[in-house]
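What follows is a single structure, written as C-alpha cells, with notes after it.
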Amino acid sequence: MAPFRIERRSALPVDETWRRLTDWPRHGAHVPLSGVTVRPAGPTRVGTVVVVRTGVGRAGFDDPMEVVRWDPPTGDAPGSCRLEKRGSVVLGWAEIEVRPRDGGSEVVWREEARLRGLPRLFDPPTVWSGRLLFGRVVDALLEA
C-alpha cells in the first residue's frame, strides 16, 4: 500500500471542521471528474457507504468506501472516522481526525491507497498524487 498523511490547521471550530470534512457529496465538487453518492441517505454512521464515481459517462469506475468507525467530536474530545475501500479498483482505507487546537481545529487525514494490479513500483507516485489531491480537497472544504 501507499500510505500518506495530510495535516492542516483551521480557525474553524472543531464541529464545523468535522461537518465540512464529512459532508461526503461536497468532496466530489473538488475531485476532478468525480461525483459522490451516499447510501443510505441521511446522517453518516457505521455502515454508511460513500461511493466516489470517477470518469466520464460510462468510462469510469466506482470507489465504494464503508464507514467502519464513526466518532464525531464532543466537547474537547477529538472526532475520528475510518473508511475502508471496498471496490474492485482502489484498495486501502482513509482516516480523518479533527481535534481542538489553539481556539480552532487541527485535521489529520491518513490514507493508504493502491490501484489493484498496479505494482508497488508505483507507490511513490501514488503517495505524491494522493497527498496533492487530498490536500487540495481538505483545503477547499475548509475554505468553503
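To be explicit about the labels: the chains of the C-alpha cells are called A, B, and onward in the order shown, and within each one the residues are counted from 1, while ligands get numbers from 1 in the order they are shown.
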Practice item. Name the residues in contact with Ser10 of chain A at a cut-off of 6 Å, using only C-alpha atoms, excluding same-chain residues fewer than 2 positions from it; report them as JSON, numbers by chain. Key: {"A": [12, 104, 105]}
Check your understanding: Would you give me, as an MDAnalysis selection string, the residues in chain A that DSSP reads as alpha helix (DSSP H)?
Key -> chainID A and resid 14:21 24:28 123:143
Selected residues written out, N, CA, C and O atoms, as a tab-separated table (two decimals), in the first residue's frame:
chain	number	residue	atom	x	y	z
A	14	VAL	N	-14.07	23.01	15.94
A	14	VAL	CA	-13.98	21.58	15.65
A	14	VAL	C	-15.24	21.04	15.00
A	14	VAL	O	-15.17	20.31	14.01
A	15	ASP	N	-16.41	21.39	15.53
A	15	ASP	CA	-17.65	20.82	14.98
A	15	ASP	C	-17.89	21.26	13.54
A	15	ASP	O	-18.38	20.49	12.72
A	16	GLU	N	-17.53	22.50	13.20
A	16	GLU	CA	-17.70	22.97	11.82
A	16	GLU	C	-16.68	22.31	10.90
A	16	GLU	O	-17.00	21.95	9.76
A	17	THR	N	-15.46	22.16	11.36
A	17	THR	CA	-14.44	21.47	10.56
A	17	THR	C	-14.88	20.04	10.28
A	17	THR	O	-14.82	19.56	9.14
A	18	TRP	N	-15.37	19.35	11.31
A	18	TRP	CA	-15.88	17.98	11.15
A	18	TRP	C	-17.02	17.93	10.15
A	18	TRP	O	-17.05	17.08	9.26
A	19	ARG	N	-17.96	18.85	10.30
A	19	ARG	CA	-19.13	18.88	9.39
A	19	ARG	C	-18.69	19.03	7.95
A	19	ARG	O	-19.16	18.32	7.06
A	20	ARG	N	-17.75	19.93	7.70
A	20	ARG	CA	-17.29	20.16	6.32
A	20	ARG	C	-16.53	18.96	5.76
A	20	ARG	O	-16.71	18.61	4.59
A	21	LEU	N	-15.69	18.35	6.57
A	21	LEU	CA	-14.88	17.24	6.07
A	21	LEU	C	-15.68	15.96	5.88
A	21	LEU	O	-15.27	15.09	5.12
A	24	TRP	N	-19.83	14.30	2.60
A	24	TRP	CA	-19.25	13.50	1.52
A	24	TRP	C	-19.58	14.01	0.12
A	24	TRP	O	-18.67	14.07	-0.72
A	25	PRO	N	-20.82	14.40	-0.19
A	25	PRO	CA	-21.08	14.88	-1.55
A	25	PRO	C	-20.24	16.10	-1.94
A	25	PRO	O	-19.91	16.26	-3.11
A	26	ARG	N	-19.87	16.93	-0.97
A	26	ARG	CA	-19.04	18.11	-1.29
A	26	ARG	C	-17.64	17.72	-1.75
A	26	ARG	O	-16.98	18.49	-2.44
A	27	HIS	N	-17.17	16.52	-1.38
A	27	HIS	CA	-15.86	16.07	-1.84
A	27	HIS	C	-15.82	16.00	-3.36
A	27	HIS	O	-14.81	16.34	-3.97
A	28	GLY	N	-16.91	15.53	-3.95
A	28	GLY	CA	-16.96	15.37	-5.40
A	28	GLY	C	-16.78	16.68	-6.15
A	28	GLY	O	-16.28	16.69	-7.28
A	123	ASP	N	4.06	2.93	-6.00
A	123	ASP	CA	3.65	3.50	-4.71
A	123	ASP	C	4.13	4.95	-4.53
A	123	ASP	O	3.34	5.79	-4.12
A	124	PRO	N	5.40	5.28	-4.82
A	124	PRO	CA	5.82	6.68	-4.62
A	124	PRO	C	5.00	7.70	-5.42
A	124	PRO	O	4.55	8.70	-4.86
A	125	PRO	N	4.71	7.48	-6.72
A	125	PRO	CA	3.87	8.46	-7.41
A	125	PRO	C	2.43	8.47	-6.89
A	125	PRO	O	1.75	9.50	-6.91
A	126	THR	N	1.95	7.31	-6.40
A	126	THR	CA	0.61	7.26	-5.82
A	126	THR	C	0.56	8.11	-4.56
A	126	THR	O	-0.40	8.86	-4.34
A	127	VAL	N	1.58	8.01	-3.72
A	127	VAL	CA	1.66	8.82	-2.50
A	127	VAL	C	1.70	10.30	-2.86
A	127	VAL	O	0.98	11.12	-2.29
A	128	TRP	N	2.55	10.66	-3.80
A	128	TRP	CA	2.69	12.07	-4.20
A	128	TRP	C	1.36	12.61	-4.71
A	128	TRP	O	0.91	13.67	-4.29
A	129	SER	N	0.70	11.87	-5.61
A	129	SER	CA	-0.55	12.36	-6.18
A	129	SER	C	-1.67	12.36	-5.14
A	129	SER	O	-2.51	13.27	-5.12
A	130	GLY	N	-1.71	11.37	-4.26
A	130	GLY	CA	-2.72	11.34	-3.20
A	130	GLY	C	-2.58	12.51	-2.25
A	130	GLY	O	-3.56	13.17	-1.90
A	131	ARG	N	-1.35	12.79	-1.85
A	131	ARG	CA	-1.10	13.92	-0.96
A	131	ARG	C	-1.51	15.24	-1.63
A	131	ARG	O	-2.13	16.10	-1.00
A	132	LEU	N	-1.18	15.39	-2.89
A	132	LEU	CA	-1.54	16.61	-3.63
A	132	LEU	C	-3.06	16.73	-3.77
A	132	LEU	O	-3.65	17.76	-3.42
A	133	LEU	N	-3.71	15.69	-4.25
A	133	LEU	CA	-5.16	15.73	-4.49
A	133	LEU	C	-5.94	15.95	-3.20
A	133	LEU	O	-6.76	16.86	-3.11
A	134	PHE	N	-5.69	15.12	-2.19
A	134	PHE	CA	-6.48	15.22	-0.97
A	134	PHE	C	-6.10	16.43	-0.13
A	134	PHE	O	-6.93	16.96	0.60
A	135	GLY	N	-4.86	16.89	-0.26
A	135	GLY	CA	-4.51	18.16	0.38
A	135	GLY	C	-5.33	19.30	-0.18
A	135	GLY	O	-5.84	20.15	0.56
A	136	ARG	N	-5.52	19.31	-1.48
A	136	ARG	CA	-6.36	20.34	-2.12
A	136	ARG	C	-7.81	20.19	-1.74
A	136	ARG	O	-8.52	21.19	-1.54
A	137	VAL	N	-8.29	18.96	-1.62
A	137	VAL	CA	-9.67	18.73	-1.21
A	137	VAL	C	-9.89	19.26	0.21
A	137	VAL	O	-10.86	19.99	0.46
A	138	VAL	N	-9.01	18.90	1.14
A	138	VAL	CA	-9.14	19.38	2.51
A	138	VAL	C	-9.11	20.91	2.55
A	138	VAL	O	-9.94	21.53	3.20
A	139	ASP	N	-8.16	21.50	1.84
A	139	ASP	CA	-8.07	22.98	1.81
A	139	ASP	C	-9.36	23.60	1.30
A	139	ASP	O	-9.88	24.55	1.88
A	140	ALA	N	-9.89	23.06	0.21
A	140	ALA	CA	-11.12	23.61	-0.38
A	140	ALA	C	-12.32	23.45	0.57
A	140	ALA	O	-13.14	24.36	0.70
A	141	LEU	N	-12.43	22.30	1.21
A	141	LEU	CA	-13.55	22.08	2.12
A	141	LEU	C	-13.48	23.02	3.34
A	141	LEU	O	-14.50	23.47	3.83
A	142	LEU	N	-12.28	23.30	3.79
A	142	LEU	CA	-12.13	24.18	4.94
A	142	LEU	C	-12.34	25.66	4.58
A	142	LEU	O	-12.73	26.45	5.43
A	143	GLU	N	-12.10	26.00	3.32
A	143	GLU	CA	-12.29	27.39	2.87
A	143	GLU	C	-13.73	27.70	2.52
A	143	GLU	O	-14.16	28.82	2.63
Study note, to complete from the structure: A straight line from atom CA of Pro100 of chain A to atom CA of Arg39 of chain A spans 29.5 Å
Check your understanding: Could you name the residues that touch Cys81 of chain A at 12 Å or less, counting only C-alpha atoms, but leaving out those on the same chain fewer than 4 positions away, as number ranges by chain?
Key -> A: 18, 21-22, 44-48, 65-73, 93-98, 107-111
Any chance you could export the current selection's N, CA and C atoms as a CSV table (one decimal), in the first residue's frame?
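Here's the written file result-v5.csv:
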chain,number,residue,atom,x,y,z
A,18,TRP,N,-15.4,19.4,11.3
A,18,TRP,CA,-15.9,18.0,11.2
A,18,TRP,C,-17.0,17.9,10.2
A,21,LEU,N,-15.7,18.4,6.6
A,21,LEU,CA,-14.9,17.2,6.1
A,21,LEU,C,-15.7,16.0,5.9
A,22,THR,N,-16.8,15.8,6.6
A,22,THR,CA,-17.6,14.6,6.4
A,22,THR,C,-18.9,14.9,5.7
A,44,THR,N,-24.5,10.2,8.5
A,44,THR,CA,-23.5,9.2,8.4
A,44,THR,C,-23.4,8.4,9.8
A,45,ARG,N,-23.1,7.1,9.6
A,45,ARG,CA,-23.0,6.2,10.8
A,45,ARG,C,-22.2,5.0,10.3
A,46,VAL,N,-21.8,4.2,11.3
A,46,VAL,CA,-21.1,2.9,10.9
A,46,VAL,C,-22.0,2.2,9.9
A,47,GLY,N,-21.4,1.7,8.8
A,47,GLY,CA,-22.2,1.0,7.8
A,47,GLY,C,-22.6,1.9,6.6
A,48,THR,N,-22.5,3.2,6.7
A,48,THR,CA,-22.8,4.1,5.6
A,48,THR,C,-21.7,3.8,4.5
A,65,MET,N,-16.6,3.1,-0.4
A,65,MET,CA,-15.9,3.1,0.9
A,65,MET,C,-17.0,3.0,2.0
A,66,GLU,N,-16.8,2.0,2.9
A,66,GLU,CA,-17.7,1.8,4.0
A,66,GLU,C,-17.2,2.5,5.3
A,67,VAL,N,-18.0,3.2,6.0
A,67,VAL,CA,-17.7,3.8,7.2
A,67,VAL,C,-17.6,2.7,8.3
A,68,VAL,N,-16.4,2.4,8.8
A,68,VAL,CA,-16.3,1.4,9.8
A,68,VAL,C,-16.1,1.9,11.2
A,69,ARG,N,-15.7,3.2,11.3
A,69,ARG,CA,-15.7,3.9,12.6
A,69,ARG,C,-16.2,5.3,12.5
A,70,TRP,N,-17.1,5.7,13.4
A,70,TRP,CA,-17.7,7.0,13.3
A,70,TRP,C,-17.9,7.6,14.7
A,71,ASP,N,-16.9,8.4,15.1
A,71,ASP,CA,-16.9,9.0,16.4
A,71,ASP,C,-16.8,10.6,16.2
A,72,PRO,N,-17.9,11.3,16.1
A,72,PRO,CA,-17.9,12.7,15.9
A,72,PRO,C,-17.3,13.4,17.2
A,73,PRO,N,-16.7,14.6,17.0
A,73,PRO,CA,-16.1,15.2,18.2
A,73,PRO,C,-17.2,15.6,19.2
A,93,TRP,N,-7.7,2.3,2.8
A,93,TRP,CA,-8.5,2.9,3.8
A,93,TRP,C,-8.2,4.4,3.9
A,94,ALA,N,-9.1,5.1,4.6
A,94,ALA,CA,-8.8,6.5,4.9
A,94,ALA,C,-9.3,6.8,6.3
A,95,GLU,N,-8.6,7.6,7.1
A,95,GLU,CA,-9.0,8.0,8.4
A,95,GLU,C,-8.9,9.6,8.5
A,96,ILE,N,-9.9,10.1,9.1
A,96,ILE,CA,-10.0,11.6,9.3
A,96,ILE,C,-10.1,11.8,10.8
A,97,GLU,N,-9.2,12.7,11.3
A,97,GLU,CA,-9.3,13.0,12.7
A,97,GLU,C,-9.3,14.6,12.8
A,98,VAL,N,-10.2,15.1,13.7
A,98,VAL,CA,-10.4,16.5,13.9
A,98,VAL,C,-10.3,16.7,15.4
A,107,VAL,N,-6.6,19.1,11.6
A,107,VAL,CA,-7.1,18.0,10.9
A,107,VAL,C,-5.9,17.1,10.6
A,108,VAL,N,-6.1,15.8,10.8
A,108,VAL,CA,-5.1,14.8,10.3
A,108,VAL,C,-5.9,13.8,9.4
A,109,TRP,N,-5.4,13.7,8.2
A,109,TRP,CA,-6.0,12.8,7.2
A,109,TRP,C,-5.0,11.8,6.9
A,110,ARG,N,-5.2,10.5,7.2
A,110,ARG,CA,-4.3,9.4,6.8
A,110,ARG,C,-5.0,8.6,5.8
A,111,GLU,N,-4.2,8.1,4.9
A,111,GLU,CA,-4.8,7.2,3.8
A,111,GLU,C,-3.8,6.3,3.3
Exercise for review: Would you please give, as number ranges by chain, all residues of segment 21-103 of chain A that DSSP assigns to strand (DSSP E) based on the backbone?
Suggested key: A: 34-39, 49-56, 59-71, 79-85, 90-101
Review point. Can you list, as a PyMOL selection string, every protein, DNA or RNA residue that comes within 7 Å of Gly87 of chain A when you count only C-alpha atoms, leaving out same-chain residues fewer than 4 positions away?
Key: chain A and resi 62-64+91
